[in-house]
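Okay, work-v9.json now, which holds JSON, C-alpha atoms:
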```
[["chain", "number", "residue", "atom", "x", "y", "z"],
["B", 151, "MET", "CA", 0.00, 0.00, 0.00],
["B", 152, "ARG", "CA", 1.28, 3.44, -0.89],
["B", 153, "ILE", "CA", 0.99, 5.87, 2.04],
["B", 154, "THR", "CA", 1.52, 9.59, 1.56],
["B", 155, "VAL", "CA", 1.88, 11.71, 4.70],
["B", 156, "SER", "CA", 1.92, 15.47, 4.26],
["B", 157, "GLY", "CA", 1.42, 18.59, 6.33],
["B", 158, "LYS", "CA", -0.15, 21.96, 5.61],
["B", 159, "HIS", "CA", 1.82, 24.56, 7.55],
["B", 160, "VAL", "CA", 3.06, 21.75, 9.83],
["B", 161, "GLU", "CA", 6.52, 20.19, 10.10],
["B", 162, "LEU", "CA", 6.21, 16.41, 10.49],
["B", 163, "ALA", "CA", 8.77, 14.36, 12.40],
["B", 164, "GLU", "CA", 10.00, 11.07, 10.93],
["B", 165, "ALA", "CA", 8.73, 9.24, 14.03],
["B", 166, "LEU", "CA", 5.17, 10.47, 13.31],
["B", 167, "ARG", "CA", 5.44, 9.37, 9.67],
["B", 168, "ALA", "CA", 6.60, 5.89, 10.76],
["B", 169, "ARG", "CA", 3.78, 5.63, 13.33],
["B", 170, "VAL", "CA", 1.18, 6.62, 10.71],
["B", 171, "SER", "CA", 2.50, 4.05, 8.21],
["B", 172, "ARG", "CA", 2.61, 1.27, 10.82],
["B", 173, "GLN", "CA", -0.90, 1.88, 12.18],
["B", 174, "LEU", "CA", -2.55, 2.29, 8.76],
["B", 175, "ALA", "CA", -0.91, -0.89, 7.49],
["B", 176, "GLY", "CA", -2.35, -2.67, 10.54],
["B", 177, "ILE", "CA", -5.85, -1.27, 9.97],
["B", 178, "ALA", "CA", -5.79, -2.12, 6.26],
["B", 179, "GLY", "CA", -4.40, -5.61, 6.92],
["B", 180, "LYS", "CA", -7.14, -6.33, 9.45],
["B", 181, "TYR", "CA", -10.02, -5.48, 7.11],
["B", 182, "PHE", "CA", -8.67, -5.90, 3.56],
["B", 183, "ASP", "CA", -6.35, -8.20, 1.65],
["B", 184, "HIS", "CA", -4.73, -5.06, 0.31],
["B", 185, "ALA", "CA", -5.46, -1.36, 0.14],
["B", 186, "LEU", "CA", -4.26, 0.59, -2.87],
["B", 187, "GLU", "CA", -3.26, 3.95, -1.45],
["B", 188, "THR", "CA", -3.73, 6.22, 1.54],
["B", 189, "ASP", "CA", -3.27, 9.97, 1.84],
["B", 190, "VAL", "CA", -2.84, 11.45, 5.32],
["B", 191, "THR", "CA", -2.82, 15.24, 5.69],
["B", 192, "PHE", "CA", -2.01, 17.08, 8.90],
["B", 193, "GLY", "CA", -2.96, 20.70, 9.39],
["B", 194, "ARG", "CA", -3.05, 23.36, 12.04],
["B", 195, "ALA", "CA", -6.22, 25.26, 12.99],
["B", 196, "ARG", "CA", -5.97, 27.89, 15.71],
["B", 197, "SER", "CA", -4.74, 26.02, 18.80],
["B", 198, "PHE", "CA", -5.15, 22.40, 17.63],
["B", 199, "PHE", "CA", -3.96, 19.98, 14.95],
["B", 200, "THR", "CA", -6.19, 18.32, 12.35],
["B", 201, "CYS", "CA", -5.70, 15.04, 10.52],
["B", 202, "ASP", "CA", -7.55, 13.81, 7.41],
["B", 203, "ILE", "CA", -7.14, 10.21, 6.23],
["B", 204, "ASN", "CA", -8.36, 9.16, 2.76],
["B", 205, "MET", "CA", -7.88, 5.43, 2.07],
["B", 206, "HIS", "CA", -8.61, 4.10, -1.42],
["B", 207, "VAL", "CA", -9.26, 0.39, -0.90],
["B", 208, "GLY", "CA", -10.67, -0.70, -4.24],
["B", 209, "ARG", "CA", -12.56, 0.30, -7.31],
["B", 210, "GLY", "CA", -15.06, 2.94, -6.33],
["B", 211, "LEU", "CA", -14.47, 2.60, -2.58],
["B", 212, "THR", "CA", -12.78, 5.32, -0.56],
["B", 213, "LEU", "CA", -12.80, 5.57, 3.22],
["B", 214, "ARG", "CA", -12.35, 8.83, 5.11],
["B", 215, "GLY", "CA", -11.50, 9.64, 8.72],
["B", 216, "GLU", "CA", -11.02, 13.02, 10.38],
["B", 217, "GLY", "CA", -9.54, 13.94, 13.73],
["B", 218, "GLU", "CA", -8.43, 16.92, 15.74],
["B", 219, "ALA", "CA", -6.49, 17.23, 18.99],
["B", 220, "ALA", "CA", -3.92, 19.29, 20.86],
["B", 221, "ASP", "CA", -1.02, 17.46, 19.16],
["B", 222, "ALA", "CA", -0.55, 15.79, 15.77],
["B", 223, "ALA", "CA", -0.22, 12.23, 17.09],
["B", 224, "ASP", "CA", -3.50, 12.46, 19.00],
["B", 225, "ALA", "CA", -5.22, 14.00, 15.96],
["B", 226, "PHE", "CA", -4.05, 11.01, 13.89],
["B", 227, "ASP", "CA", -5.27, 8.56, 16.56],
["B", 228, "ASP", "CA", -8.69, 10.26, 16.49],
["B", 229, "ALA", "CA", -8.88, 10.07, 12.68],
["B", 230, "ALA", "CA", -7.70, 6.44, 12.64],
["B", 231, "GLU", "CA", -10.35, 5.52, 15.22],
["B", 232, "HIS", "CA", -13.07, 7.12, 13.05],
["B", 233, "LEU", "CA", -11.81, 5.10, 10.08],
["B", 234, "ALA", "CA", -11.69, 1.84, 12.08],
["B", 235, "LYS", "CA", -15.17, 2.46, 13.50],
["B", 236, "ARG", "CA", -16.61, 2.82, 9.99],
["B", 237, "LEU", "CA", -14.82, -0.34, 8.91],
["B", 238, "ARG", "CA", -16.18, -2.34, 11.88],
["B", 239, "ARG", "CA", -19.72, -1.09, 11.16],
["B", 240, "TYR", "CA", -19.63, -2.09, 7.49],
["B", 241, "ARG", "CA", -17.24, -5.09, 7.59],
["B", 242, "ARG", "CA", -19.73, -7.74, 6.40],
["B", 243, "ARG", "CA", -21.22, -5.49, 3.71],
["B", 244, "LEU", "CA", -17.74, -4.51, 2.47],
["B", 245, "ASN", "CA", -16.83, -8.18, 2.01],
["B", 246, "GLU", "CA", -20.07, -8.85, 0.12],
["B", 247, "HIS", "CA", -19.46, -5.74, -1.99],
["B", 248, "ALA", "CA", -15.96, -6.95, -2.90],
["B", 249, "ARG", "CA", -17.27, -10.40, -3.94],
["B", 250, "ASP", "CA", -20.05, -8.88, -6.07],
["B", 251, "LEU", "CA", -17.73, -6.35, -7.72],
["B", 252, "ALA", "CA", -16.36, -8.87, -10.22],
["B", 253, "ASN", "CA", -19.85, -9.52, -11.62],
["B", 254, "ARG", "CA", -20.80, -5.88, -12.05],
["B", 255, "ALA", "CA", -20.54, -3.55, -14.98],
["B", 256, "GLN", "CA", -17.69, -1.05, -14.99],
["B", 257, "PRO", "CA", -18.58, 2.31, -13.39],
["B", 258, "GLU", "CA", -19.40, 5.16, -15.76],
["B", 259, "PRO", "CA", -16.78, 7.88, -15.97],
["B", 260, "ALA", "CA", -17.93, 11.34, -14.91],
["B", 261, "ARG", "CA", -16.53, 14.76, -13.94],
["B", 262, "GLN", "CA", -17.01, 16.39, -10.56],
["B", 263, "TYR", "CA", -16.86, 20.19, -10.23],
["B", 264, "VAL", "CA", -16.69, 22.57, -7.29],
["B", 265, "LEU", "CA", -18.28, 25.93, -8.10],
["B", 266, "ARG", "CA", -17.98, 29.31, -6.44],
["B", 267, "GLU", "CA", -20.57, 31.97, -7.02],
["B", 268, "ASP", "CA", -19.51, 35.41, -8.20],
["B", 269, "GLY", "CA", -18.38, 37.34, -5.14],
["B", 270, "ASP", "CA", -20.34, 40.56, -5.70],
["B", 271, "ASP", "CA", -24.11, 40.01, -5.51],
["B", 272, "ARG", "CA", -24.79, 43.57, -6.75],
["B", 273, "VAL", "CA", -22.88, 42.86, -9.98],
["B", 274, "ALA", "CA", -24.62, 39.49, -10.48],
["B", 275, "GLY", "CA", -28.03, 41.08, -9.85],
["B", 276, "SER", "CA", -27.37, 43.91, -12.28],
["B", 277, "ARG", "CA", -26.26, 41.41, -14.96],
["B", 278, "GLU", "CA", -29.50, 39.44, -14.53],
["B", 279, "ARG", "CA", -31.58, 42.62, -14.89],
["B", 280, "ALA", "CA", -29.61, 43.61, -17.98],
["B", 281, "GLY", "CA", -30.36, 40.20, -19.53],
["B", 282, "GLU", "CA", -26.77, 38.96, -19.23],
["B", 283, "PRO", "CA", -26.35, 35.45, -17.85],
["B", 284, "THR", "CA", -24.42, 35.00, -14.61],
["B", 285, "TYR", "CA", -22.03, 32.11, -14.15],
["B", 286, "ALA", "CA", -20.39, 30.47, -11.21],
["B", 287, "THR", "CA", -16.62, 30.06, -11.31],
["B", 288, "VAL", "CA", -15.16, 26.53, -11.47],
["B", 289, "ILE", "CA", -12.57, 26.30, -8.70],
["B", 290, "ALA", "CA", -11.91, 22.53, -8.79],
["B", 291, "GLU", "CA", -12.45, 19.68, -11.24],
["B", 292, "SER", "CA", -11.76, 15.97, -10.79],
["B", 293, "ALA", "CA", -12.55, 12.63, -12.38],
["B", 294, "THR", "CA", -15.11, 10.47, -10.60],
["B", 295, "GLU", "CA", -17.25, 7.41, -11.31],
["B", 296, "ILE", "CA", -20.95, 6.62, -11.22],
["B", 297, "SER", "CA", -21.21, 3.06, -9.93],
["B", 298, "LEU", "CA", -24.03, 0.53, -10.27],
["B", 299, "LEU", "CA", -25.17, 0.07, -6.65],
["B", 300, "SER", "CA", -28.15, -0.79, -4.53],
["B", 301, "VAL", "CA", -29.48, 2.03, -2.35],
["B", 302, "GLY", "CA", -27.98, 0.39, 0.75],
["B", 303, "GLU", "CA", -24.56, 0.10, -0.89],
["B", 304, "ALA", "CA", -24.74, 3.75, -1.96],
["B", 305, "VAL", "CA", -25.50, 4.85, 1.61],
["B", 306, "MET", "CA", -22.61, 2.68, 2.84],
["B", 307, "GLN", "CA", -20.17, 4.23, 0.35],
["B", 308, "MET", "CA", -21.36, 7.74, 1.21],
["B", 309, "ASP", "CA", -20.83, 7.06, 4.93],
["B", 310, "LEU", "CA", -17.44, 5.41, 4.46],
["B", 311, "ALA", "CA", -16.16, 8.31, 2.36],
["B", 312, "ASP", "CA", -17.80, 10.83, 4.73],
["B", 313, "GLN", "CA", -19.41, 12.60, 1.77],
["B", 314, "PRO", "CA", -22.58, 14.70, 1.99],
["B", 315, "VAL", "CA", -23.96, 13.36, -1.32],
["B", 316, "LEU", "CA", -23.44, 10.44, -3.74],
["B", 317, "MET", "CA", -24.83, 9.92, -7.25],
["B", 318, "PHE", "CA", -25.15, 6.31, -8.44],
["B", 319, "ARG", "CA", -26.93, 4.12, -10.96],
["B", 320, "ASN", "CA", -29.60, 2.11, -9.12],
["B", 321, "SER", "CA", -29.02, -1.61, -9.66],
["B", 322, "ALA", "CA", -32.78, -2.31, -9.33],
["B", 323, "THR", "CA", -34.07, 0.29, -11.81],
["B", 324, "GLY", "CA", -31.02, 1.25, -13.89],
["B", 325, "GLY", "CA", -31.78, 4.95, -13.35],
["B", 326, "LEU", "CA", -29.56, 7.63, -11.89],
["B", 327, "ASN", "CA", -30.24, 8.17, -8.18],
["B", 328, "VAL", "CA", -28.82, 10.36, -5.42],
["B", 329, "VAL", "CA", -28.44, 9.75, -1.70],
["B", 330, "TYR", "CA", -27.54, 12.64, 0.59],
["B", 331, "ARG", "CA", -27.09, 13.46, 4.27],
["B", 332, "ARG", "CA", -29.89, 15.74, 5.47],
["B", 333, "SER", "CA", -29.35, 18.55, 7.99],
["B", 334, "ASP", "CA", -31.28, 16.52, 10.60],
["B", 335, "GLY", "CA", -28.76, 13.64, 10.27],
["B", 336, "HIS", "CA", -31.03, 11.30, 8.30],
["B", 337, "VAL", "CA", -30.30, 10.10, 4.76],
["B", 338, "GLY", "CA", -32.37, 11.34, 1.84],
["B", 339, "TRP", "CA", -32.81, 9.41, -1.42],
["B", 340, "ILE", "CA", -33.76, 10.92, -4.79],
["B", 341, "ASP", "CA", -35.16, 8.45, -7.33],
["B", 342, "PRO", "CA", -36.50, 10.28, -10.42],
["B", 343, "SER", "CA", -38.17, 7.12, -11.75],
["B", 344, "GLY", "CA", -40.34, 6.86, -8.61],
["B", 345, "HIS", "CA", -39.98, 3.06, -8.36]]
```
Translate this file's structure into structure tokens.
Amino acid sequence: MRITVSGKHVELAEALRARVSRQLAGIAGKYFDHALETDVTFGRARSFFTCDINMHVGRGLTLRGEGEAADAADAFDDAAEHLAKRLRRYRRRLNEHARDLANRAQPEPARQYVLREDGDDRVAGSRERAGEPTYATVIAESATEISLLSVGEAVMQMDLADQPVLMFRNSATGGLNVVYRRSDGHVGWIDPSGH
């Protein structure tokens, strides 16, 4: 498994890098035959450290853990515990997902964009009144996939990746569906076909 440890405005000691590699290899070995790659990013926010772990364990399956604490090692421990907790919760379903993956169609390639609205609302409003279209600015673009999943598998993948929303092709209907985390903590499901 390839492990990348980096810091944003933080100097990382070699002992911390070794600890991160050792613990993540243990977590991955406990739950998976092999994980492909893991990115660990440490940061500093006001008076505490943050740690984000993104572990890519297979086609279309990314796990995410976040932590924060007074020092970098404790922030990593917090993030690793979040990751391990998600893995324990979904262990059986992850194994079933891996077995079924060989029989499924390849995911559809797609593009994911992050948009920022124009900063000055007065300018945007005056453009709309003048008949000129307003556009949001693309600030990030990345490749992604739309996988063929059941609704339960989509919710599992959204939770494991700690994402607020996930688009997928419903394995029961073949249509595009969306699951998302609502502000009240529940999961919402959008199925345009209504089946």
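Checking B:Gln173, B:Thr191, B:Asn320, B:Ser343 one by one against Val305 of chain B, counting all atoms listed in the file, you find the shortest gap at B:Asn320.
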Original post:
What does the distance between atom CA of Ser333 of chain B and atom CA of Ser292 of chain B come to in Å, to one decimal place?
Top reply: 25.9 Å
Subject >> Atom-to-atom span, atom CA of Tyr181 of chain B and atom CA of Ile203 of chain B, Å >> reply: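 Those two atoms sit 16.0 Å apart.
Counting all atoms listed in the file and comparing B:Val155, B:Leu166, B:Glu267, B:Arg239, the residue that lies closest to Asp227 of chain B is B:Leu166.
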**OP:** Quick one: everything within 10 Å of Met308 of chain B, counting all atoms listed in the file, minus sequence neighbours fewer than 6 positions away in the same chain. Send it as JSON, numbers by chain.
**Re:** {"B": [211, 212, 213, 214, 302, 314, 315, 316, 317, 329, 330, 331, 337]}
Original post:
Looking at all atoms listed in the file, which of B:Val160, B:Val301, B:Asp228, B:Val207 is the one that sits closest to Ile340 of chain B?
Top reply: B:Val301
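What separates atom CA of Arg194 of chain B from atom CA of Arg152 of chain B is a distance of 24.1 Å.
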**OP:** May I have the protein, DNA and RNA residues with any atom at most 7 Å from the point (-11.2, 15.8, 13.8), counting all atoms listed in the file, written as a ChimeraX atom specification?
**Re:** /B:200-201,216-218,225,228-229
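The list of residues with at least one atom within 12 Å of Ile177 of chain B, based on only C-alpha atoms and without residues fewer than 6 positions apart in the same chain, reads Met151, Val170, Ser171, Asp183, His184, Ala185, Thr188, Met205, Val207, Leu213, Asp227, Ala230, Glu231, His232, Leu233, Ala234, Lys235, Arg236, Leu237 and Arg238 of chain B.
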Original post:
Which of these, B:Thr323, B:Tyr263, B:Val190, B:Gln313, has the shortest distance to Ala290 of chain B once you count only C-alpha atoms?
Top reply: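 Residue with the minimum atom-to-atom distance to Ala290 of chain B: B:Tyr263.
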Original post:
Between B:Ala175, B:Ala222, B:Leu310, B:Ala168, which one has atoms that come closest to Gly193 of chain B, using all atoms listed in the file?
Top reply: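 Distance minimum relative to Gly193 of chain B lands on B:Ala222.
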5 Å per side around segment 311-318 of chain B: axis-aligned box centre and edge lengths, as JSON:
```
{"center_x": -20.7, "center_y": 10.5, "center_z": -1.9, "size_x": 19.0, "size_y": 18.4, "size_z": 23.2}
```
Original post:
From the set B:Val264, B:Ala219, B:Ala322, B:Ala311, which residue has the shortest atom-to-atom contact distance to Glu291 of chain B, counting all atoms listed in the file?
Top reply: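 When distances to Glu291 of chain B are compared using all atoms listed in the file, the smallest one comes from B:Val264.
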